[in-house]
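Okay, entry_25.cif is below, mmCIF, C-alpha atoms:
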```cif
data_protein
loop_
_atom_site.label_atom_id
_atom_site.label_comp_id
_atom_site.auth_asym_id
_atom_site.auth_seq_id
_atom_site.Cartn_x
_atom_site.Cartn_y
_atom_site.Cartn_z
CA LEU N 1 -9.07 19.03 -3.94
CA SER N 2 -9.55 17.45 -7.34
CA TYR N 3 -9.13 13.78 -8.09
CA ILE N 4 -9.22 11.91 -11.35
CA GLU N 5 -9.92 8.22 -11.75
CA HIS N 6 -8.33 6.63 -14.80
CA THR N 7 -6.25 3.71 -15.94
CA PRO N 8 -2.43 3.71 -16.01
CA TYR N 9 -0.68 5.33 -18.95
CA SER N 10 0.04 1.89 -20.28
CA THR N 11 -1.66 -0.95 -22.11
CA GLU N 12 -1.25 -3.13 -19.02
CA ARG N 13 -4.67 -2.16 -17.65
CA ARG N 14 -8.03 -3.10 -19.01
CA ALA N 15 -10.85 -0.85 -17.79
CA PRO N 16 -11.29 2.63 -19.31
CA PRO N 17 -11.01 5.73 -17.15
CA ILE N 18 -14.32 6.76 -15.65
CA ALA N 19 -14.49 9.84 -13.53
CA MET N 20 -13.13 12.96 -11.97
CA ILE N 21 -13.74 13.28 -8.23
CA ARG N 22 -13.80 16.55 -6.33
CA LEU N 23 -13.44 16.49 -2.54
CA SER N 24 -15.66 19.51 -1.99
CA PRO N 25 -19.22 19.73 -0.71
CA THR N 26 -20.14 22.81 -2.72
CA SER N 27 -19.38 24.57 -5.96
CA THR N 28 -17.59 27.92 -6.08
CA ALA N 29 -21.00 29.63 -6.13
CA GLY N 30 -21.90 28.02 -2.83
CA ARG N 31 -24.33 25.53 -4.40
CA ARG N 32 -24.01 21.76 -4.33
CA ALA N 33 -21.98 20.66 -7.33
CA PRO N 34 -23.80 18.35 -9.76
CA GLY N 35 -22.99 14.67 -9.98
CA ARG N 36 -23.37 11.49 -7.96
CA HIS N 37 -22.07 11.59 -4.39
CA LEU N 38 -19.70 8.70 -3.85
CA PHE N 39 -19.55 9.06 -0.08
CA ARG N 40 -23.08 10.23 0.61
CA SER N 41 -26.30 8.23 0.70
CA SER N 42 -29.30 9.87 -0.93
CA LEU N 43 -31.27 8.98 2.20
CA SER N 44 -28.71 10.26 4.66
CA THR N 45 -29.45 13.40 6.65
CA SER N 46 -26.06 13.61 8.36
CA ALA N 47 -23.57 13.44 5.52
CA SER N 48 -19.99 14.45 6.18
CA ASP N 49 -18.81 17.88 5.13
CA ASP N 50 -15.92 16.12 3.41
CA GLN N 51 -17.63 14.51 0.43
CA SER N 52 -16.59 13.44 -3.02
CA THR N 53 -18.65 14.11 -6.11
CA ILE N 54 -18.14 11.96 -9.19
CA VAL N 55 -18.27 13.79 -12.50
CA GLY N 56 -18.04 11.93 -15.80
CA GLY N 57 -14.79 12.52 -17.63
CA PRO N 58 -12.96 11.41 -20.79
CA SER N 59 -10.02 9.10 -21.22
CA LEU N 60 -6.74 10.88 -22.00
CA LEU N 61 -3.36 9.54 -23.13
CA THR N 62 -3.98 6.06 -21.74
CA GLN N 63 -2.31 4.27 -24.63
CA THR N 64 1.04 6.07 -24.59
CA GLY N 65 4.26 4.45 -23.41
CA VAL N 66 4.88 7.19 -20.84
CA HIS N 67 4.66 6.10 -17.22
CA ARG N 68 2.83 8.48 -14.89
CA PRO N 69 1.01 8.05 -11.59
CA SER N 70 -2.30 6.44 -12.44
CA PRO N 71 -4.12 5.33 -9.28
CA SER N 72 -7.28 3.30 -9.67
CA LEU N 73 -9.43 5.44 -7.36
CA PHE N 74 -8.10 8.86 -6.23
CA TYR N 75 -5.53 11.26 -7.60
CA LEU N 76 -4.41 14.39 -5.72
CA PRO N 77 -2.64 16.77 -8.14
CA GLY N 78 0.42 18.81 -7.32
CA LEU N 79 2.43 16.19 -5.40
CA ARG N 80 6.07 15.49 -6.20
CA THR N 81 6.25 12.18 -7.96
CA LEU N 82 8.83 9.50 -8.74
CA PRO N 83 8.50 5.73 -9.12
CA PHE N 84 11.13 5.18 -6.39
CA TRP N 85 12.03 7.57 -3.60
CA THR N 86 15.20 5.64 -2.70
CA ALA N 87 18.35 5.52 -4.82
CA PRO N 88 19.34 2.15 -6.31
CA ASP N 89 22.67 2.28 -4.49
CA ASP N 90 22.72 2.66 -0.69
CA SER N 91 26.08 4.44 -0.94
CA SER N 92 24.58 7.30 -2.95
CA LYS N 93 25.16 10.70 -1.36
CA LEU N 94 21.50 11.51 -1.93
CA ARG N 95 19.79 8.24 -1.11
CA ILE N 96 16.31 9.71 -0.46
CA ALA N 97 14.58 11.64 -3.25
CA PHE N 98 14.50 15.40 -2.73
CA ASN N 99 16.47 14.69 0.47
CA ASP N 100 13.08 14.58 2.19
CA THR N 101 13.68 14.50 5.94
CA SER N 102 10.48 12.66 6.92
CA ILE N 103 11.05 9.81 4.47
CA LYS N 104 14.73 9.67 5.43
CA HIS N 105 13.80 9.37 9.10
CA ALA N 106 11.30 6.57 8.44
CA VAL N 107 13.84 4.61 6.36
CA GLU N 108 16.57 4.97 8.96
CA HIS N 109 14.20 3.98 11.76
CA VAL N 110 13.00 0.76 10.12
CA GLU N 111 16.47 -0.22 8.87
CA SER N 112 17.96 0.24 12.35
CA ASN N 113 15.48 -2.40 13.58
CA TYR N 114 16.02 -4.80 10.68
CA LYS N 115 17.58 -7.62 12.71
CA SER N 116 14.85 -7.54 15.35
CA ILE N 117 12.05 -7.40 12.75
CA ARG N 118 13.60 -10.35 10.90
CA GLN N 119 13.95 -12.34 14.11
CA GLU N 120 10.32 -11.68 15.01
CA TYR N 121 9.24 -12.94 11.58
CA PHE N 122 11.10 -16.19 12.13
CA GLY N 123 9.53 -16.60 15.55
CA ALA N 124 5.95 -15.45 14.96
CA VAL N 125 5.39 -16.72 11.41
CA LEU N 126 7.74 -19.70 11.14
CA GLY N 127 7.63 -20.70 14.81
CA GLN N 128 11.39 -20.81 15.18
CA GLY N 129 12.84 -20.36 18.65
CA THR N 130 9.79 -21.61 20.53
CA SER N 131 9.97 -24.49 22.96
CA THR N 132 9.09 -28.00 21.75
CA ASP N 133 8.19 -29.14 25.25
CA PRO N 134 4.36 -29.34 25.37
CA LEU N 135 4.46 -28.85 29.16
CA SER N 136 6.58 -25.72 29.09
CA GLY N 137 3.71 -23.38 28.31
CA GLU N 138 6.00 -21.60 25.84
CA ILE N 139 4.74 -23.10 22.59
CA ALA N 140 3.11 -20.40 20.48
CA LYS N 141 1.07 -21.21 17.42
CA PRO N 142 2.42 -19.39 14.34
CA LEU N 143 0.43 -16.41 13.14
CA GLU N 144 -2.17 -17.29 10.53
CA PRO N 145 -1.94 -15.62 7.11
CA ASP N 146 -4.74 -13.09 6.67
CA TYR N 147 -4.72 -12.15 2.99
CA ASP N 148 -8.20 -13.37 2.03
CA LEU N 149 -9.12 -12.40 -1.50
CA ALA N 150 -12.78 -13.35 -1.05
CA ASN N 151 -13.52 -11.53 2.19
CA LYS N 152 -10.90 -8.85 2.67
CA GLY N 153 -11.06 -7.26 -0.73
CA GLY N 154 -7.65 -5.69 -0.60
CA GLU N 155 -5.18 -4.78 -3.25
CA HIS N 156 -6.59 -7.20 -5.80
CA ALA N 157 -10.27 -6.88 -5.07
CA ASP N 158 -11.16 -7.16 -8.76
CA GLY N 159 -9.50 -10.55 -9.14
CA ALA N 160 -6.35 -12.45 -8.27
CA LEU N 161 -3.40 -10.71 -9.88
CA HIS N 162 -0.84 -13.02 -8.37
CA THR N 163 0.27 -16.44 -9.53
CA GLY N 164 1.77 -18.98 -7.16
CA GLN N 165 1.58 -18.44 -3.41
CA TRP N 166 1.51 -15.09 -1.61
CA GLU N 167 0.89 -14.71 2.12
CA TRP N 168 0.25 -11.71 4.35
CA HIS N 169 0.71 -11.58 8.13
CA SER N 170 -0.70 -8.19 9.01
CA TYR N 171 -0.24 -5.72 11.80
CA ILE N 172 -2.50 -3.19 10.03
CA LEU N 173 -5.14 -4.48 7.63
CA ASN N 174 -7.58 -2.04 6.01
CA GLY N 175 -6.63 0.50 8.68
CA ASP N 176 -7.29 -1.83 11.64
CA LYS N 177 -4.55 -3.11 13.97
CA ASN N 178 -4.10 -6.77 14.88
CA ASN N 179 -3.50 -7.12 18.63
CA GLU N 180 -2.15 -10.65 18.26
CA PHE N 181 0.54 -9.42 15.87
CA GLN N 182 1.41 -6.69 18.36
CA ASP N 183 1.82 -9.27 21.13
CA ARG N 184 3.93 -11.61 19.03
CA CYS N 185 6.03 -8.97 17.23
CA PRO N 186 6.41 -6.13 19.76
CA VAL N 187 9.50 -4.55 18.18
CA THR N 188 8.00 -4.58 14.67
CA ALA N 189 4.73 -3.12 15.94
CA ALA N 190 6.62 -0.46 17.94
CA VAL N 191 8.47 0.69 14.81
CA VAL N 192 5.14 1.30 13.09
CA ASP N 193 3.62 2.88 16.20
CA ASP N 194 6.58 5.27 16.48
CA LEU N 195 5.93 6.51 12.95
CA GLU N 196 2.25 6.87 13.76
CA LYS N 197 3.01 9.03 16.81
CA GLU N 198 5.22 11.23 14.63
CA GLY N 199 2.41 11.73 12.12
CA LEU N 200 4.21 9.89 9.32
CA LEU N 201 2.15 6.69 9.13
CA PHE N 202 -0.59 6.71 6.51
CA LYS N 203 -3.91 6.27 8.32
CA SER N 204 -7.13 5.39 6.54
CA PRO N 205 -9.13 2.29 5.57
CA PHE N 206 -6.48 2.01 2.82
CA SER N 207 -3.60 1.70 5.30
CA PHE N 208 -1.56 -1.52 5.57
CA SER N 209 1.45 -2.96 7.36
CA PHE N 210 2.35 -6.64 7.04
CA PHE N 211 4.94 -9.33 6.46
CA SER N 212 4.71 -10.14 2.75
CA THR N 213 5.85 -13.66 1.85
CA LEU N 214 6.06 -14.33 -1.87
CA HIS N 215 6.94 -17.98 -2.32
CA GLY N 216 9.24 -19.33 -4.99
CA ASN N 217 8.14 -19.22 -8.63
CA SER N 218 5.38 -16.73 -7.81
CA SER N 219 4.59 -13.26 -9.10
CA ILE N 220 2.27 -10.29 -8.70
CA GLN N 221 1.13 -8.99 -12.06
CA PRO N 222 1.29 -5.31 -13.13
CA HIS N 223 -1.26 -3.17 -11.31
CA THR N 224 -1.63 0.21 -9.61
CA GLY N 225 -2.57 1.24 -6.09
CA PRO N 226 -5.81 3.13 -5.45
CA MET N 227 -4.34 6.59 -4.73
CA ASN N 228 -1.23 8.75 -4.75
CA LEU N 229 -1.69 9.91 -1.14
CA ARG N 230 0.80 7.42 0.28
CA LEU N 231 4.32 6.09 -0.26
CA ARG N 232 4.98 2.42 0.37
CA VAL N 233 8.05 1.11 2.21
CA HIS N 234 9.48 -2.37 1.59
CA LEU N 235 12.10 -3.73 4.02
CA PRO N 236 13.44 -7.01 2.58
CA LEU N 237 14.04 -9.63 5.27
CA ILE N 238 14.76 -12.76 3.21
CA VAL N 239 15.82 -12.64 -0.45
CA PRO N 240 16.60 -15.72 -2.60
CA LYS N 241 20.15 -15.79 -3.92
CA SER N 242 21.28 -16.73 -7.41
CA THR N 243 22.99 -20.11 -7.28
CA SER N 244 23.97 -20.87 -10.87
CA ALA N 245 25.69 -19.30 -13.85
CA GLU N 246 22.34 -19.29 -15.61
CA ASP N 247 20.91 -17.07 -12.86
CA SER N 248 23.81 -14.64 -13.17
CA ASN N 249 22.96 -14.09 -16.86
CA ARG N 250 19.34 -13.19 -16.21
CA ASN N 251 17.90 -10.02 -17.75
CA ARG N 252 16.22 -9.09 -14.46
CA PRO N 253 16.81 -9.90 -10.78
CA LEU N 254 15.87 -13.32 -9.44
CA ALA N 255 13.58 -11.57 -6.95
CA GLY N 256 12.70 -7.99 -7.72
CA ILE N 257 10.19 -5.25 -8.38
CA ARG N 258 9.44 -2.99 -11.33
CA VAL N 259 7.79 0.40 -10.80
CA ALA N 260 7.00 2.25 -14.04
CA ASP N 261 10.09 1.60 -16.20
CA GLN N 262 12.53 1.13 -13.30
CA THR N 263 13.56 -2.26 -11.95
CA ARG N 264 15.15 -2.90 -8.56
CA GLU N 265 16.58 -5.97 -6.88
CA PHE N 266 15.60 -6.64 -3.27
CA ARG N 267 18.53 -6.53 -0.83
CA GLU N 268 18.14 -7.76 2.72
CA GLY N 269 18.03 -4.91 5.22
CA SER N 270 17.93 -2.16 2.57
CA ALA N 271 14.54 -0.43 2.43
CA LEU N 272 12.86 0.60 -0.81
CA VAL N 273 10.37 3.48 -0.90
CA LEU N 274 8.04 3.51 -3.89
CA ASP N 275 4.98 5.26 -5.20
CA ASP N 276 2.53 2.45 -5.88
CA SER N 277 0.22 4.72 -7.87
CA TYR N 278 2.54 3.89 -10.78
CA VAL N 279 2.12 0.57 -12.56
CA HIS N 280 4.23 -1.96 -10.66
CA GLU N 281 4.86 -5.68 -10.55
CA VAL N 282 6.78 -8.06 -8.28
CA TRP N 283 8.28 -11.50 -8.87
CA ASN N 284 10.24 -14.26 -7.18
CA GLU N 285 11.68 -16.68 -9.70
CA GLY N 286 13.82 -18.46 -7.11
CA ASP N 287 12.93 -21.69 -5.33
CA SER N 288 12.72 -20.24 -1.81
CA PRO N 289 10.45 -17.53 -0.34
CA ARG N 290 11.10 -13.80 -0.54
CA VAL N 291 9.97 -12.02 2.62
CA LEU N 292 9.66 -8.31 3.30
CA PHE N 293 8.01 -6.05 5.86
CA LEU N 294 5.71 -3.46 4.30
CA PHE N 295 4.05 -0.31 5.61
CA ASP N 296 2.57 2.92 4.25
CA LEU N 297 3.58 6.54 4.87
CA TRP N 298 1.72 9.73 4.08
CA HIS N 299 3.08 11.39 0.98
CA PRO N 300 5.03 14.28 2.53
CA ASP N 301 3.34 16.84 0.26
CA VAL N 302 -0.16 16.10 1.61
CA HIS N 303 -0.71 18.88 4.14
CA LEU N 304 -2.08 18.29 7.63
CA GLU N 305 -5.41 19.94 6.85
CA GLU N 306 -5.77 17.81 3.74
CA ARG N 307 -5.01 14.67 5.74
CA GLU N 308 -7.70 15.53 8.26
CA ARG N 309 -10.29 16.19 5.57
CA ILE N 310 -9.38 13.01 3.69
CA ASN N 311 -9.59 10.97 6.90
CA ASN N 312 -12.99 12.47 7.68
CA MET N 313 -14.24 11.50 4.24
CA PHE N 314 -12.95 7.93 4.50
CA SER N 315 -14.19 7.52 8.09
CA TYR N 316 -17.67 8.61 7.07
CA ALA N 317 -17.61 6.23 4.09
CA LYS N 318 -16.49 3.36 6.32
CA ASP N 319 -19.20 4.11 8.91
CA GLN N 320 -21.78 4.01 6.14
CA GLY N 321 -20.50 0.64 4.96
CA TRP N 322 -19.33 1.95 1.59
CA ILE N 323 -15.71 0.99 2.25
CA GLY N 324 -14.75 -2.38 3.71
CA ASN N 325 -16.51 -5.69 4.00
CA GLN N 326 -19.89 -4.50 5.21
CA ARG N 327 -22.38 -2.59 3.09
CA LYS N 328 -25.15 -0.42 4.46
CA LYS N 329 -28.54 -1.89 3.60
CA ASP N 330 -29.60 0.99 1.39
CA PRO N 331 -30.48 0.01 -2.19
CA GLU N 332 -29.63 3.51 -3.43
CA SER N 333 -26.25 3.74 -1.73
CA PRO N 334 -23.08 3.35 -3.80
CA ALA N 335 -21.39 -0.02 -4.02
CA THR N 336 -18.86 -1.02 -1.40
CA ILE N 337 -15.24 -0.23 -2.30
CA ASN N 338 -12.67 -2.89 -1.45
CA VAL N 339 -9.26 -1.83 -2.71
CA ILE N 340 -5.94 -0.80 -1.22
#
```
Could you express the structure from this file as structure tokens?
Amino acid sequence: LSYIEHTPYSTERRAPPIAMIRLSPTSTAGRRAPGRHLFRSSLSTSASDDQSTIVGGPSLLTQTGVHRPSPSLFYLPGLRTLPFWTAPDDSSKLRIAFNDTSIKHAVEHVESNYKSIRQEYFGAVLGQGTSTDPLSGEIAKPLEPDYDLANKGGEHADGALHTGQWEWHSYILNGDKNNEFQDRCPVTAAVVDDLEKEGLLFKSPFSFSFFSTLHGNSSIQPHTGPMNLRLRVHLPLIVPKSTSAEDSNRNRPLAGIRVADQTREFREGSALVLDDSYVHEVWNEGDSPRVLFLFDLWHPDVHLEERERINNMFSYAKDQGWIGNQRKKDPESPATINVI
């Protein structure tokens, strides 16, 4: 499996492309391929068979206006690719790209639970519907937001790309489940767990599922995800509405998302599926919050054997402290990676 690390095919990114990564422990001649091992300590005697070797590579076509997948960390070639995998109009005869049955099933499953997921957000995050009687034993403290730029790393580990206020309330954060979320939002958690049991849920230290609350007059600047191994699902729960003639004459939606050169408006209860390895940005120019439920699916073209090998590689890296918040105390080990 070959990967290439580079910047998006756009001037919106700053750092130059650095490396090609091969997920292969040996060369075709049976010898260890040259280069620095990203997921292998030089002092380790029990390295995983599923390793990545970084090989220096040139920058190509990074200043063109053509939008292509351009993940910040890993690229798996040969996958079908589109900025959005859902049609802009729900009434379209072919709503899901390529009429992919796995993505169609996931979309239908989450949309069929929209009302329950929305209700659980109001209860668990906003505290609505709980008793106000302090003696009832029914008062539940709202879930605390858990998007911590300093400690969690996360999507914007290299600096805050959002302006305004953005909150996460996570069921899955960096691949780990939050039991409190599961207790407070059982239907929402069950939807995700169902997809996991069916082998559709993306599982790795780069896996996420959370309520995303982007407050009014806030935005997330153009950026790319770390890999093209996943597709991201957005289920809008609360979307600000245009209230004036001025809003109706806007050149983009009041609350929306752009992926590559395509812009979509969020519509409550209508899921969007996108490939976040393209440059994308999100905004809410209304006065009230925009809320959606987000989770990650495996790209359907990543085969089962590939998923197992990729998971082995990431699990080994996480155990060594190279991915996540802890770093193995080895001065010659690679730096910790903190991106989603």
Expand the PyMOL selection byres ((chain N and resi 277-287) around 9) into the explicit residue set it covers here, and present it as a ChimeraX atom specification.
/N:8-10,12-13,67-72,75,82-83,214-231,239-242,253-261,274-276,288-290
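For the pair atom CA of Val125 of chain N and atom CA of Lys141 of chain N, the separation is 8.7 Å.
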Take every atom of segment 269-282 of chain N listed in the file, pad by 8 Å on each side, and give me the axis-aligned box centre and edge lengths in Å, one decimal, as JSON.
```
{"center_x": 9.1, "center_y": -1.4, "center_z": -3.7, "size_x": 33.8, "size_y": 29.3, "size_z": 33.8}
```
Could you spell out the hits of the PyMOL selection byres ((chain N and resi 204) around 8) on the shown file, as a PyMOL selection string?
chain N and resi 174-175+202-203+205-207+311+314-315
Export C-alpha atoms of the chosen residues as a PDB file, keeping the file's coordinate frame?
```pdb
ATOM      1  CA  ASN N 174      -7.580  -2.040   6.010  1.00  0.00           C
ATOM      2  CA  GLY N 175      -6.630   0.500   8.680  1.00  0.00           C
ATOM      3  CA  PHE N 202      -0.590   6.710   6.510  1.00  0.00           C
ATOM      4  CA  LYS N 203      -3.910   6.270   8.320  1.00  0.00           C
ATOM      5  CA  PRO N 205      -9.130   2.290   5.570  1.00  0.00           C
ATOM      6  CA  PHE N 206      -6.480   2.010   2.820  1.00  0.00           C
ATOM      7  CA  SER N 207      -3.600   1.700   5.300  1.00  0.00           C
ATOM      8  CA  ASN N 311      -9.590  10.970   6.900  1.00  0.00           C
ATOM      9  CA  PHE N 314     -12.950   7.930   4.500  1.00  0.00           C
ATOM     10  CA  SER N 315     -14.190   7.520   8.090  1.00  0.00           C
TER      11      SER N 315
END
```
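What the PyMOL selection byres ((chain N and resi 89) around 12) picks from this file is Trp85, Thr86, Ala87, Pro88, Asp90, Ser91, Ser92, Lys93, Leu94, Arg95, Ile96, Arg264, Glu265, Phe266, Arg267, Ser270, Ala271 and Leu272 of chain N.
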Output of the above residues as a PDB file, in the coordinates of the input, restricted to C-alpha atoms:
```pdb
ATOM      1  CA  TRP N  85      12.030   7.570  -3.600  1.00  0.00           C
ATOM      2  CA  THR N  86      15.200   5.640  -2.700  1.00  0.00           C
ATOM      3  CA  ALA N  87      18.350   5.520  -4.820  1.00  0.00           C
ATOM      4  CA  PRO N  88      19.340   2.150  -6.310  1.00  0.00           C
ATOM      5  CA  ASP N  90      22.720   2.660  -0.690  1.00  0.00           C
ATOM      6  CA  SER N  91      26.080   4.440  -0.940  1.00  0.00           C
ATOM      7  CA  SER N  92      24.580   7.300  -2.950  1.00  0.00           C
ATOM      8  CA  LYS N  93      25.160  10.700  -1.360  1.00  0.00           C
ATOM      9  CA  LEU N  94      21.500  11.510  -1.930  1.00  0.00           C
ATOM     10  CA  ARG N  95      19.790   8.240  -1.110  1.00  0.00           C
ATOM     11  CA  ILE N  96      16.310   9.710  -0.460  1.00  0.00           C
ATOM     12  CA  ARG N 264      15.150  -2.900  -8.560  1.00  0.00           C
ATOM     13  CA  GLU N 265      16.580  -5.970  -6.880  1.00  0.00           C
ATOM     14  CA  PHE N 266      15.600  -6.640  -3.270  1.00  0.00           C
ATOM     15  CA  ARG N 267      18.530  -6.530  -0.830  1.00  0.00           C
ATOM     16  CA  SER N 270      17.930  -2.160   2.570  1.00  0.00           C
ATOM     17  CA  ALA N 271      14.540  -0.430   2.430  1.00  0.00           C
ATOM     18  CA  LEU N 272      12.860   0.600  -0.810  1.00  0.00           C
TER      19      LEU N 272
END
```
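Between atom CA of Tyr316 of chain N and atom CA of Leu79 of chain N there is a distance of 24.8 Å.
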Return as CSV the residues of segment 94-117 of chain N lying at most 12 Å from segment 291-295 of chain N, together with the closest atom-to-atom pair for each and the distance in Å to one decimal, counting all atoms listed in the file, with rows in chain order and ascending residue number.
```
residue,atom,partner,partner_atom,distance
N:Ala106,CA,N:Phe295,CA,10.4
N:Val107,CA,N:Phe295,CA,11.0
N:Val110,CA,N:Phe293,CA,9.5
N:Glu111,CA,N:Phe293,CA,10.7
N:Asn113,CA,N:Phe293,CA,11.3
N:Tyr114,CA,N:Phe293,CA,9.4
N:Lys115,CA,N:Phe293,CA,11.9
N:Ser116,CA,N:Phe293,CA,11.8
N:Ile117,CA,N:Phe293,CA,8.1
```
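Coordinates place atom CA of Thr243 of chain N at a distance of 28.5 Å from atom CA of Phe210 of chain N.
With distances taken over all atoms listed in the file, N:Ser209 is the one residue among N:Ser209, N:Val187, N:Ser112, N:Asp194 lying closest to Tyr171 of chain N.
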